Every structure is written in structure tokens, then in C-alpha cells.
$ cat work_0.txt   # compact mmCIF, C-alpha atoms and all ligand atoms
# COMPACT_ATOMS: atom_id res chain seq x y z
CA MET A 4 -24.99 -8.26 -87.93
CA LYS A 5 -25.54 -11.68 -89.45
CA ARG A 6 -26.31 -11.82 -93.15
CA ILE A 7 -29.41 -13.52 -94.52
CA VAL A 8 -29.72 -14.18 -98.24
CA VAL A 9 -33.09 -15.14 -99.70
CA LEU A 10 -33.18 -16.80 -103.11
CA SER A 11 -36.74 -16.45 -104.33
CA GLY A 12 -38.56 -17.82 -107.38
CA ALA A 13 -41.99 -17.60 -108.94
CA GLY A 14 -43.54 -19.70 -106.12
CA ILE A 15 -43.26 -16.85 -103.59
CA SER A 16 -45.61 -14.77 -105.76
CA ALA A 17 -48.05 -17.63 -106.44
CA GLU A 18 -50.20 -16.71 -103.43
CA SER A 19 -50.38 -13.15 -104.80
CA GLY A 20 -52.10 -14.61 -107.86
CA LEU A 21 -49.11 -14.67 -110.24
CA LYS A 22 -48.73 -18.07 -111.86
CA THR A 23 -45.46 -20.01 -112.01
CA PHE A 24 -44.52 -21.87 -115.21
CA ARG A 25 -45.00 -25.18 -113.56
CA ASP A 26 -48.58 -24.30 -112.62
CA SER A 27 -49.38 -24.16 -116.29
CA ASP A 28 -47.74 -27.34 -117.50
CA GLY A 29 -44.77 -25.96 -119.38
CA LEU A 30 -46.75 -23.01 -120.70
CA TRP A 31 -46.67 -19.56 -119.18
CA GLU A 32 -50.24 -18.20 -119.08
CA ASN A 33 -51.09 -20.19 -122.25
CA TYR A 34 -48.05 -19.05 -124.23
CA ARG A 35 -45.16 -21.26 -125.30
CA ILE A 36 -41.99 -19.89 -123.72
CA GLU A 37 -40.15 -20.12 -127.06
CA ASP A 38 -42.75 -17.82 -128.64
CA VAL A 39 -42.50 -15.01 -126.10
CA ALA A 40 -39.42 -15.20 -123.89
CA THR A 41 -36.44 -15.76 -126.18
CA PRO A 42 -34.32 -13.52 -128.46
CA GLN A 43 -35.61 -15.60 -131.40
CA ALA A 44 -39.20 -14.75 -130.50
CA TRP A 45 -38.30 -11.04 -130.42
CA LYS A 46 -36.82 -11.31 -133.94
CA LYS A 47 -39.78 -13.31 -135.25
CA ASP A 48 -42.77 -11.57 -133.72
CA ARG A 49 -41.98 -8.50 -131.65
CA ARG A 50 -45.65 -7.58 -131.37
CA LEU A 51 -46.53 -10.90 -129.69
CA VAL A 52 -43.63 -10.58 -127.24
CA LEU A 53 -44.71 -7.05 -126.29
CA GLN A 54 -48.33 -8.19 -125.94
CA PHE A 55 -47.29 -11.06 -123.63
CA TYR A 56 -45.33 -8.75 -121.31
CA ASN A 57 -48.05 -6.08 -121.44
CA GLU A 58 -50.48 -8.70 -120.11
CA ARG A 59 -48.02 -9.87 -117.43
CA ARG A 60 -47.37 -6.24 -116.40
CA LYS A 61 -51.06 -5.62 -115.92
CA GLN A 62 -51.30 -8.69 -113.65
CA VAL A 63 -48.25 -7.63 -111.64
CA LYS A 64 -49.64 -4.13 -111.10
CA ALA A 65 -52.92 -5.60 -109.85
CA ALA A 66 -51.19 -8.08 -107.48
CA LYS A 67 -50.26 -7.33 -103.88
CA PRO A 68 -47.37 -8.62 -101.74
CA ASN A 69 -48.42 -11.62 -99.65
CA ALA A 70 -47.56 -12.80 -96.11
CA ALA A 71 -44.23 -14.24 -97.31
CA HIS A 72 -42.99 -11.02 -98.95
CA LEU A 73 -44.11 -9.04 -95.88
CA ALA A 74 -42.52 -11.39 -93.34
CA LEU A 75 -39.12 -11.20 -95.06
CA VAL A 76 -39.09 -7.43 -94.43
CA GLN A 77 -39.25 -8.05 -90.64
CA LEU A 78 -35.90 -9.85 -90.84
CA GLU A 79 -34.25 -6.50 -91.56
CA GLU A 80 -34.80 -5.47 -87.91
CA LYS A 81 -32.20 -8.00 -86.81
CA PHE A 82 -30.21 -9.05 -89.89
CA GLU A 83 -28.57 -7.68 -93.00
CA VAL A 84 -30.93 -9.08 -95.63
CA HIS A 85 -30.33 -9.50 -99.35
CA ILE A 86 -33.07 -10.78 -101.62
CA VAL A 87 -31.85 -12.36 -104.84
CA THR A 88 -34.93 -13.03 -106.92
CA GLN A 89 -35.66 -14.77 -110.20
CA ASN A 90 -38.95 -12.91 -110.26
CA ILE A 91 -39.64 -10.05 -112.61
CA ASP A 92 -42.42 -8.63 -110.42
CA ASP A 93 -41.84 -5.89 -107.83
CA LEU A 94 -43.62 -7.51 -104.89
CA HIS A 95 -40.50 -7.70 -102.69
CA GLU A 96 -39.94 -3.96 -103.16
CA ARG A 97 -43.58 -3.11 -102.57
CA ALA A 98 -43.53 -5.19 -99.36
CA GLY A 99 -40.61 -3.01 -98.22
CA SER A 100 -37.47 -5.10 -98.73
CA LYS A 101 -34.53 -2.72 -99.19
CA LYS A 102 -31.92 -4.79 -101.04
CA VAL A 103 -33.46 -6.67 -103.95
CA LEU A 104 -31.40 -8.00 -106.85
CA HIS A 105 -33.39 -9.11 -109.90
CA LEU A 106 -31.57 -11.85 -111.78
CA HIS A 107 -34.03 -12.02 -114.66
CA GLY A 108 -34.93 -8.37 -115.00
CA GLU A 109 -37.95 -6.26 -114.09
CA ILE A 110 -41.27 -6.17 -115.89
CA LEU A 111 -41.92 -2.54 -114.96
CA LYS A 112 -38.85 -1.40 -116.91
CA SER A 113 -37.85 -1.20 -120.57
CA ARG A 114 -34.44 -0.98 -122.14
CA SER A 115 -32.78 0.09 -125.35
CA THR A 116 -32.04 -2.54 -128.01
CA MET A 117 -28.94 -0.52 -128.92
CA ASP A 118 -27.37 0.12 -125.51
CA PRO A 119 -28.34 -2.25 -122.65
CA HIS A 120 -27.35 0.37 -120.08
CA LEU A 121 -30.26 2.58 -121.12
CA VAL A 122 -33.04 1.36 -118.83
CA TYR A 123 -36.33 3.23 -118.27
CA THR A 124 -39.33 2.91 -115.98
CA ILE A 125 -42.52 2.08 -117.91
CA GLU A 126 -44.93 4.73 -116.68
CA LYS A 127 -48.05 3.31 -118.37
CA HIS A 128 -49.22 -0.31 -118.42
CA GLU A 129 -47.96 -0.95 -121.93
CA LEU A 130 -44.79 -0.95 -124.01
CA ASN A 131 -45.55 -0.95 -127.72
CA GLU A 132 -43.93 -1.03 -131.14
CA GLY A 133 -42.57 2.37 -132.13
CA GLU A 134 -41.54 3.36 -128.57
CA LYS A 135 -37.87 4.23 -128.78
CA CYS A 136 -34.88 4.95 -126.54
CA GLU A 137 -33.01 8.25 -126.69
CA LEU A 138 -30.73 6.77 -129.39
CA GLY A 139 -33.73 6.02 -131.58
CA SER A 140 -33.89 2.21 -131.26
CA GLN A 141 -36.99 0.19 -130.31
CA LEU A 142 -37.43 -0.40 -126.58
CA ARG A 143 -37.71 -4.02 -125.36
CA PRO A 144 -38.86 -5.36 -121.99
CA HIS A 145 -36.06 -5.23 -119.37
CA ILE A 146 -36.14 -9.00 -119.02
CA VAL A 147 -33.44 -11.66 -119.28
CA TRP A 148 -34.86 -14.07 -121.84
CA PHE A 149 -34.09 -17.76 -122.07
CA GLY A 150 -30.77 -18.18 -123.85
CA GLU A 151 -29.45 -14.76 -122.74
CA MET A 152 -26.64 -14.01 -120.30
CA VAL A 153 -27.60 -13.18 -116.70
CA PRO A 154 -25.60 -9.99 -116.05
CA ALA A 155 -26.19 -9.96 -112.27
CA LEU A 156 -25.05 -13.56 -111.78
CA GLU A 157 -21.53 -12.90 -110.59
CA TYR A 158 -22.63 -10.34 -108.01
CA ALA A 159 -25.41 -12.70 -106.88
CA ALA A 160 -22.87 -15.49 -106.36
CA TYR A 161 -20.76 -13.11 -104.25
CA ILE A 162 -23.80 -12.21 -102.12
CA VAL A 163 -24.67 -15.89 -101.61
CA SER A 164 -21.07 -16.76 -100.70
CA ARG A 165 -21.22 -14.26 -97.79
CA ALA A 166 -24.50 -15.57 -96.32
CA ASP A 167 -24.65 -16.80 -92.72
CA ILE A 168 -28.19 -18.00 -93.41
CA LEU A 169 -29.63 -18.93 -96.83
CA ILE A 170 -33.37 -19.26 -97.49
CA VAL A 171 -34.44 -20.74 -100.84
CA VAL A 172 -38.15 -20.16 -101.45
CA GLY A 173 -40.56 -20.77 -104.31
CA THR A 174 -38.04 -21.97 -106.84
CA SER A 175 -37.84 -25.43 -108.39
CA LEU A 176 -34.07 -24.92 -108.87
CA ALA A 177 -34.60 -26.09 -112.44
CA VAL A 178 -33.80 -22.85 -114.28
CA TYR A 179 -30.06 -22.33 -114.83
CA PRO A 180 -27.81 -20.51 -114.22
CA ALA A 181 -29.86 -19.11 -111.28
CA ALA A 182 -30.29 -22.59 -109.76
CA GLY A 183 -26.51 -22.99 -109.52
CA LEU A 184 -26.29 -20.12 -107.02
CA VAL A 185 -26.96 -22.49 -104.10
CA ASN A 186 -23.53 -24.01 -104.76
CA TYR A 187 -21.80 -20.80 -103.66
CA VAL A 188 -23.08 -20.95 -100.08
CA SER A 189 -20.58 -21.59 -97.30
CA PRO A 190 -20.71 -25.09 -95.71
CA GLU A 191 -21.07 -23.36 -92.30
CA ALA A 192 -24.21 -21.41 -93.26
CA ASN A 193 -27.65 -22.43 -92.00
CA LYS A 194 -29.72 -23.36 -95.03
CA TYR A 195 -33.46 -23.67 -95.56
CA VAL A 196 -35.75 -24.55 -98.46
CA VAL A 197 -39.42 -23.52 -98.30
CA ASN A 198 -41.54 -25.23 -100.95
CA PRO A 199 -44.75 -27.31 -100.94
CA ASP A 200 -43.15 -29.63 -103.53
CA PRO A 201 -39.75 -31.26 -103.88
CA VAL A 202 -37.04 -29.23 -105.64
CA VAL A 203 -34.67 -30.51 -108.30
CA GLY A 204 -31.42 -32.11 -107.11
CA GLU A 205 -30.06 -32.99 -103.72
CA LEU A 206 -29.41 -30.12 -101.37
CA ALA A 207 -26.99 -31.39 -98.75
CA GLY A 208 -27.31 -29.69 -95.38
CA PHE A 209 -30.58 -27.84 -96.15
CA LYS A 210 -33.57 -28.05 -93.82
CA PHE A 211 -36.64 -28.65 -96.01
CA ILE A 212 -39.79 -26.82 -94.88
CA ASN A 213 -42.63 -28.47 -96.74
CA ALA A 214 -45.10 -25.56 -96.88
CA LYS A 215 -46.40 -22.79 -99.06
CA ALA A 216 -44.40 -19.58 -98.74
CA GLY A 217 -47.31 -17.72 -97.08
CA ILE A 218 -47.18 -20.15 -94.14
CA GLY A 219 -43.59 -21.41 -94.13
CA ILE A 220 -41.83 -18.04 -94.44
CA PRO A 221 -43.64 -16.18 -91.59
CA GLU A 222 -42.96 -19.18 -89.30
CA LEU A 223 -39.29 -19.35 -90.26
CA VAL A 224 -38.91 -15.58 -89.85
CA GLN A 225 -40.31 -15.74 -86.30
CA GLU A 226 -37.92 -18.58 -85.47
CA LEU A 227 -34.90 -16.65 -86.83
CA ILE A 228 -35.84 -13.42 -85.08
CA LYS A 229 -36.16 -15.27 -81.72
CA SER A 230 -32.89 -17.22 -82.16
P1 LIG B 1 -39.59 -21.93 -110.54
O1 LIG B 1 -38.69 -22.78 -111.35
O2 LIG B 1 -38.95 -21.08 -109.57
O3 LIG B 1 -40.80 -22.96 -109.99
C1 LIG B 1 -41.84 -22.58 -109.14
C2 LIG B 1 -41.61 -23.26 -107.79
O4 LIG B 1 -42.47 -22.66 -106.84
C3 LIG B 1 -41.91 -24.75 -107.79
O5 LIG B 1 -40.85 -25.44 -107.14
C4 LIG B 1 -43.18 -24.87 -106.94
O6 LIG B 1 -43.24 -26.07 -106.20
C5 LIG B 1 -43.03 -23.68 -106.03
N1 LIG B 1 -44.28 -23.16 -105.48
C6 LIG B 1 -45.51 -23.14 -106.04
N2 LIG B 1 -46.39 -22.54 -105.21
C7 LIG B 1 -45.68 -22.15 -104.11
C8 LIG B 1 -46.02 -21.47 -102.91
N3 LIG B 1 -47.26 -21.04 -102.66
N4 LIG B 1 -45.04 -21.26 -102.00
C9 LIG B 1 -43.77 -21.66 -102.22
N5 LIG B 1 -43.40 -22.33 -103.34
C10 LIG B 1 -44.35 -22.56 -104.27
O7 LIG B 1 -40.32 -20.88 -111.24
P2 LIG B 1 -40.91 -20.92 -112.69
O8 LIG B 1 -42.34 -20.69 -112.52
O9 LIG B 1 -40.43 -22.11 -113.39
O10 LIG B 1 -40.21 -19.65 -113.27
C11 LIG B 1 -38.91 -19.60 -113.74
C12 LIG B 1 -38.67 -18.20 -114.29
O11 LIG B 1 -39.87 -17.62 -114.86
C13 LIG B 1 -38.35 -17.26 -113.19
O12 LIG B 1 -36.99 -17.36 -113.02
C14 LIG B 1 -38.90 -15.92 -113.67
O13 LIG B 1 -37.96 -15.22 -114.43
C15 LIG B 1 -40.06 -16.28 -114.52
N6 LIG B 1 -41.36 -16.11 -113.83
C16 LIG B 1 -41.54 -15.04 -112.98
C17 LIG B 1 -42.74 -14.85 -112.33
C18 LIG B 1 -42.88 -13.66 -111.41
O14 LIG B 1 -42.14 -12.71 -111.51
N7 LIG B 1 -43.84 -13.67 -110.45
C19 LIG B 1 -43.78 -15.75 -112.54
C20 LIG B 1 -43.60 -16.83 -113.42
C21 LIG B 1 -42.36 -17.00 -114.04
$ encode --input "work_0.txt" --output "C-alpha cells"
Amino acid sequence: MKRIVVLSGAGISAESGLKTFRDSDGLWENYRIEDVATPQAWKKDRRLVLQFYNERRKQVKAAKPNAAHLALVQLEEKFEVHIVTQNIDDLHERAGSKKVLHLHGEILKSRSTMDPHLVYTIEKHELNEGEKCELGSQLRPHIVWFGEMVPALEYAAYIVSRADILIVVGTSLAVYPAAGLVNYVSPEANKYVVNPDPVVGELAGFKFINAKAGIGIPELVQELIKS
């Protein structure tokens, strides 16, 4: 079975109503990234950080997978498919994709500030001050903030290196180290970018499909299934 790896970014969830950063001109839903998505922000104003992610979680829960998320699931009939996503939403899983690796964490989970291996599902919409892990430390969102290590990076690079086909969708390739993953793909792999706008840098050997994910991905999926 040939292996397909999909590298997805915020753009694939845009048609589900979840905004990308770039939609909002450097802000994320009217917040400055430095104020809500960095370890410094957590030290300075934990309440604001929790509020920001509580709002995002509510939006994610209300959103539904779109035609792009759903089409990618069909690929599993014919290929071994791995989704490596920068997204913190669960729309790939809710669409039905079986192997999803979240590089930047998951908004529906919390984790201990004492032991990063203690990860919990957030049952309600909110995570608030005073909610603690089993060791007694405050829980934080299970998110990789700007300036933090990306623990899944090495495994993601391994997955990309084994791809026969690589599809890059909805990412500007501007956020590192995730953007560097495209460099691990084999020169022999077939490579596609689906994006209505240009991406950062030159991607030698990639076929650029200039379309929104909701149109470009279902078309590409049909082409790959027929090939
Ligand atoms: P990004 O750097 O991946 O940029 C968004 C890209 O999506 C742009 O290239 C844009 O042209 C493209 N795009 C916009 N609409 C599209 C569509 N309909 N179809 C296909 N492509 C489309 O993403 P970002 O917004 O800069 O986010 C970077 C980080 O922020 C992510 O790595 C993630 O951790 C976080 N984030 C996550 C979500 C989410 O989980 N849904 C949303 C916003 C931000």
C-alpha cells in the first residue's frame, strides 16, 4: 500500500469557520499572540490565557468538518494515510481520519504543569484557574506555545520521510519548526500544495493547486483514488 502524508495547517479548517492567524492580520481572534500563546503570557496572566483557549474551544466544538477533512478520509480506502497537522482542533478526527498527529497540541485536552506526560480530556467547555492535575499542580491547555519545543517533531519527520505522496494543505509554511518538515520528503515522492494563496519559500518539485481546501482537496483525492 502506498503511503500518503498530509501536512495540514489552519487553512484547512477555515471553511469550517475557524480563523487562521493570517485572516486576522497578525492577531488571533483579536488577541496578540504574545499575550495568549507563549510561556511568558502564562506566567504573566494565566487567567487571560485560559480565557482565550476557552473561547477557542467553544468555537471548535461548534465547528464541523468540511469537504476537505471528509475527502481525506476516503484516501484510506486505497492508501496508508497519515495526517500531520499544525491544527489544535479535532476536525480531522471527527471527519474519521484514523492516524492524526498533532504537532501543536490539542485544544480539547489539558495537561499538568508539573509532569507533561499527565494529559487529560477536558470534559466541559472550560479549563479554569484552580483546576489541578493528580499531583496538585494547575492544569494548562495541552498546546505547544510559541517558543516551546515541538515534542512530536522527530516522529513527524520520520513519517514525512516515508511518504510516497505528500499533500501540503492550508499552511503558509511560515511557522517553524513545522514548516521545515517538507524538507524531509523523498525526492521521488509526488508532492502537492493546496492553497488559494502563495506559500512561503520555493517548493521544488511540488504541484501547486491554487484553490481553497474544500474544492482542491476533494478533486485531488478523486484523482489519486483513480490513479
Ligand atoms: P498557517 O501558517 O498554516 O496559514 C494559514 C494558511 O492557510 C495560509 O497560507 C492561507 O493562504 C491558507 N488558507 C486560508 N484559507 C484557506 C482555505 N480555505 N483552504 C486552504 N488554505 C487556506 O496557519 P496560521 O493561521 O498562521 O496558524 C499557525 C498556527 O496557529 C498553527 O500551527 C496552529 O497551531 C494555530 N492555529 C490553529 C487553528 C486551528 O486549529 N484550526 C487555527 C488558527 C491557528
$ atom_distance --input "work_0.txt" --atom1 "CA of Ser19 (chain A)" --atom2 "atom C16 of ligand LIG 1 (chain B)"
12.2 Å
$ residues_around --input "work_0.txt" --residues "Trp148 (chain A)" --least-positions-apart "6" --cutoff "12 Å" --atoms "all atoms listed in the file" --output "ChimeraX atom specification"
/A:36-45,52,56,89,91,106-110,154,178-179
$ closest_residue --input "work_0.txt" --among "A:Ser113, A:Val8, A:Glu96, A:Ser140" --to "Ser164 (chain A)" --atoms "all atoms listed in the file"
A:Val8
$ residues_near_ligand --input "work_0.txt" --ligand "ligand LIG 1 (chain B)" --cutoff "7 Å" --atoms "all atoms listed in the file" --output "ChimeraX atom specification"
/A:12-18,21-25,89-92,107,172-178,197-202,214-217
$ closest_residue --input "work_0.txt" --among "A:Leu111, A:Arg6, A:Gly150, A:Ile170" --to "Arg60 (chain A)" --atoms "only C-alpha atoms"
A:Leu111
$ atom_distance --input "work_0.txt" --atom1 "CA of Arg143 (chain A)" --atom2 "CA of Leu156 (chain A)"
20.9 Å
$ closest_residue --input "work_0.txt" --among "A:Asp48, A:Glu58, A:Glu151, A:Glu126" --to "Asn33 (chain A)" --atoms "only C-alpha atoms"
A:Glu58
$ atom_distance --input "work_0.txt" --atom1 "CA of Ile212 (chain A)" --atom2 "CA of Val171 (chain A)"
10.1 Å
$ residues_around --input "work_0.txt" --residues "Glu137 (chain A)" --least-positions-apart "5" --cutoff "10 Å" --atoms "all atoms listed in the file" --output "list in words"
Ser115, Met117, Asp118, Leu121 and Leu142 of chain A
$ closest_residue --input "work_0.txt" --among "A:Glu132, A:Glu226, A:Asp26, A:Glu205" --to "Leu51 (chain A)" --atoms "all atoms listed in the file"
A:Glu132
$ residues_around --input "work_0.txt" --residues "Ser100 (chain A)" --least-positions-apart "3" --cutoff "10 Å" --atoms "only C-alpha atoms" --output "JSON list (two decimals) with C-alpha atoms, in the coordinates of the input"
[["chain", "number", "residue", "atom", "x", "y", "z"],
["A", 72, "HIS", "CA", -42.99, -11.02, -98.95],
["A", 73, "LEU", "CA", -44.11, -9.04, -95.88],
["A", 74, "ALA", "CA", -42.52, -11.39, -93.34],
["A", 75, "LEU", "CA", -39.12, -11.20, -95.06],
["A", 76, "VAL", "CA", -39.09, -7.43, -94.43],
["A", 77, "GLN", "CA", -39.25, -8.05, -90.64],
["A", 78, "LEU", "CA", -35.90, -9.85, -90.84],
["A", 79, "GLU", "CA", -34.25, -6.50, -91.56],
["A", 84, "VAL", "CA", -30.93, -9.08, -95.63],
["A", 85, "HIS", "CA", -30.33, -9.50, -99.35],
["A", 86, "ILE", "CA", -33.07, -10.78, -101.62],
["A", 94, "LEU", "CA", -43.62, -7.51, -104.89],
["A", 95, "HIS", "CA", -40.50, -7.70, -102.69],
["A", 96, "GLU", "CA", -39.94, -3.96, -103.16],
["A", 97, "ARG", "CA", -43.58, -3.11, -102.57],
["A", 103, "VAL", "CA", -33.46, -6.67, -103.95]]
$ residues_around --input "work_0.txt" --residues "Ile218 (chain A)" --least-positions-apart "4" --cutoff "8 Å" --atoms "all atoms listed in the file" --output "ChimeraX atom specification"
/A:70-71,214,222
$ write_last_selection --input "work_0.txt" --atoms "C-alpha atoms" --output "CSV table (one decimal), in the frame of the given file"
chain,number,residue,atom,x,y,z
A,70,ALA,CA,-47.6,-12.8,-96.1
A,71,ALA,CA,-44.2,-14.2,-97.3
A,214,ALA,CA,-45.1,-25.6,-96.9
A,222,GLU,CA,-43.0,-19.2,-89.3
$ closest_residue --input "work_0.txt" --among "A:Asn57, A:Lys101, A:Leu184, A:Glu191" --to "Ile125 (chain A)" --atoms "only C-alpha atoms"
A:Asn57
$ closest_residue --input "work_0.txt" --among "A:Lys61, A:Gly139, A:Ala182, A:Ile168" --to "Lys127 (chain A)" --atoms "only C-alpha atoms"
A:Lys61
$ residues_around --input "work_0.txt" --residues "Leu169 (chain A)" --least-positions-apart "6" --cutoff "7 Å" --atoms "all atoms listed in the file" --output "PDB file with C-alpha atoms, in the coordinates of the input"
ATOM      1  CA  ILE A   7     -29.410 -13.520 -94.520  1.00  0.00           C
ATOM      2  CA  VAL A   8     -29.720 -14.180 -98.240  1.00  0.00           C
ATOM      3  CA  VAL A   9     -33.090 -15.140 -99.700  1.00  0.00           C
ATOM      4  CA  ALA A 192     -24.210 -21.410 -93.260  1.00  0.00           C
ATOM      5  CA  ASN A 193     -27.650 -22.430 -92.000  1.00  0.00           C
ATOM      6  CA  LYS A 194     -29.720 -23.360 -95.030  1.00  0.00           C
ATOM      7  CA  TYR A 195     -33.460 -23.670 -95.560  1.00  0.00           C
TER       8      TYR A 195
END
$ build_atoms --input "work_0.txt" --residues "region 27-56 of chain A" --atoms "N, CA and C atoms" --output "compact mmCIF listing (two decimals), in the coordinates of the input"
# COMPACT_ATOMS: atom_id res chain seq x y z
N SER A 27 -48.65 -24.12 -115.03
CA SER A 27 -49.38 -24.16 -116.29
C SER A 27 -48.79 -25.16 -117.27
N ASP A 28 -48.12 -26.19 -116.71
CA ASP A 28 -47.74 -27.34 -117.50
C ASP A 28 -46.79 -27.00 -118.65
N GLY A 29 -45.75 -26.27 -118.33
CA GLY A 29 -44.77 -25.96 -119.38
C GLY A 29 -45.14 -24.72 -120.18
N LEU A 30 -46.37 -24.25 -120.03
CA LEU A 30 -46.75 -23.01 -120.70
C LEU A 30 -46.71 -21.90 -119.66
N TRP A 31 -46.61 -20.68 -120.12
CA TRP A 31 -46.67 -19.56 -119.18
C TRP A 31 -47.89 -18.75 -119.60
N GLU A 32 -48.97 -18.90 -118.79
CA GLU A 32 -50.24 -18.20 -119.08
C GLU A 32 -50.68 -18.46 -120.53
N ASN A 33 -50.64 -19.75 -120.93
CA ASN A 33 -51.09 -20.19 -122.25
C ASN A 33 -50.18 -19.84 -123.42
N TYR A 34 -49.01 -19.30 -123.15
CA TYR A 34 -48.05 -19.05 -124.23
C TYR A 34 -46.91 -20.07 -124.13
N ARG A 35 -46.38 -20.45 -125.29
CA ARG A 35 -45.16 -21.26 -125.30
C ARG A 35 -43.99 -20.31 -125.04
N ILE A 36 -43.12 -20.74 -124.10
CA ILE A 36 -41.99 -19.89 -123.72
C ILE A 36 -41.18 -19.47 -124.95
N GLU A 37 -40.97 -20.41 -125.87
CA GLU A 37 -40.15 -20.12 -127.06
C GLU A 37 -40.76 -19.00 -127.91
N ASP A 38 -42.09 -18.83 -127.81
CA ASP A 38 -42.75 -17.82 -128.64
C ASP A 38 -42.70 -16.41 -128.05
N VAL A 39 -42.40 -16.34 -126.74
CA VAL A 39 -42.50 -15.01 -126.10
C VAL A 39 -41.31 -14.60 -125.22
N ALA A 40 -40.47 -15.56 -124.84
CA ALA A 40 -39.42 -15.20 -123.89
C ALA A 40 -38.04 -15.66 -124.35
N THR A 41 -37.76 -15.44 -125.63
CA THR A 41 -36.44 -15.76 -126.18
C THR A 41 -36.04 -14.66 -127.18
N PRO A 42 -34.74 -14.50 -127.44
CA PRO A 42 -34.32 -13.52 -128.46
C PRO A 42 -34.88 -13.87 -129.83
N GLN A 43 -35.06 -15.16 -130.11
CA GLN A 43 -35.61 -15.60 -131.40
C GLN A 43 -37.05 -15.12 -131.55
N ALA A 44 -37.80 -15.20 -130.46
CA ALA A 44 -39.20 -14.75 -130.50
C ALA A 44 -39.26 -13.25 -130.81
N TRP A 45 -38.34 -12.50 -130.20
CA TRP A 45 -38.30 -11.04 -130.42
C TRP A 45 -38.02 -10.73 -131.90
N LYS A 46 -37.13 -11.53 -132.51
CA LYS A 46 -36.82 -11.31 -133.94
C LYS A 46 -38.02 -11.68 -134.81
N LYS A 47 -38.72 -12.76 -134.40
CA LYS A 47 -39.78 -13.31 -135.25
C LYS A 47 -41.08 -12.52 -135.14
N ASP A 48 -41.47 -12.22 -133.91
CA ASP A 48 -42.77 -11.57 -133.72
C ASP A 48 -42.73 -10.64 -132.50
N ARG A 49 -42.17 -9.50 -132.72
CA ARG A 49 -41.98 -8.50 -131.65
C ARG A 49 -43.32 -8.11 -131.01
N ARG A 50 -44.34 -8.01 -131.86
CA ARG A 50 -45.65 -7.58 -131.37
C ARG A 50 -46.21 -8.57 -130.33
N LEU A 51 -46.04 -9.88 -130.62
CA LEU A 51 -46.53 -10.90 -129.69
C LEU A 51 -45.77 -10.85 -128.36
N VAL A 52 -44.46 -10.66 -128.46
CA VAL A 52 -43.63 -10.58 -127.24
C VAL A 52 -44.09 -9.39 -126.38
N LEU A 53 -44.28 -8.24 -127.03
CA LEU A 53 -44.71 -7.05 -126.29
C LEU A 53 -46.09 -7.26 -125.67
N GLN A 54 -46.97 -7.90 -126.43
CA GLN A 54 -48.33 -8.19 -125.94
C GLN A 54 -48.28 -9.08 -124.69
N PHE A 55 -47.44 -10.13 -124.76
CA PHE A 55 -47.29 -11.06 -123.63
C PHE A 55 -46.86 -10.30 -122.37
N TYR A 56 -45.81 -9.47 -122.49
CA TYR A 56 -45.33 -8.75 -121.31
C TYR A 56 -46.29 -7.65 -120.89
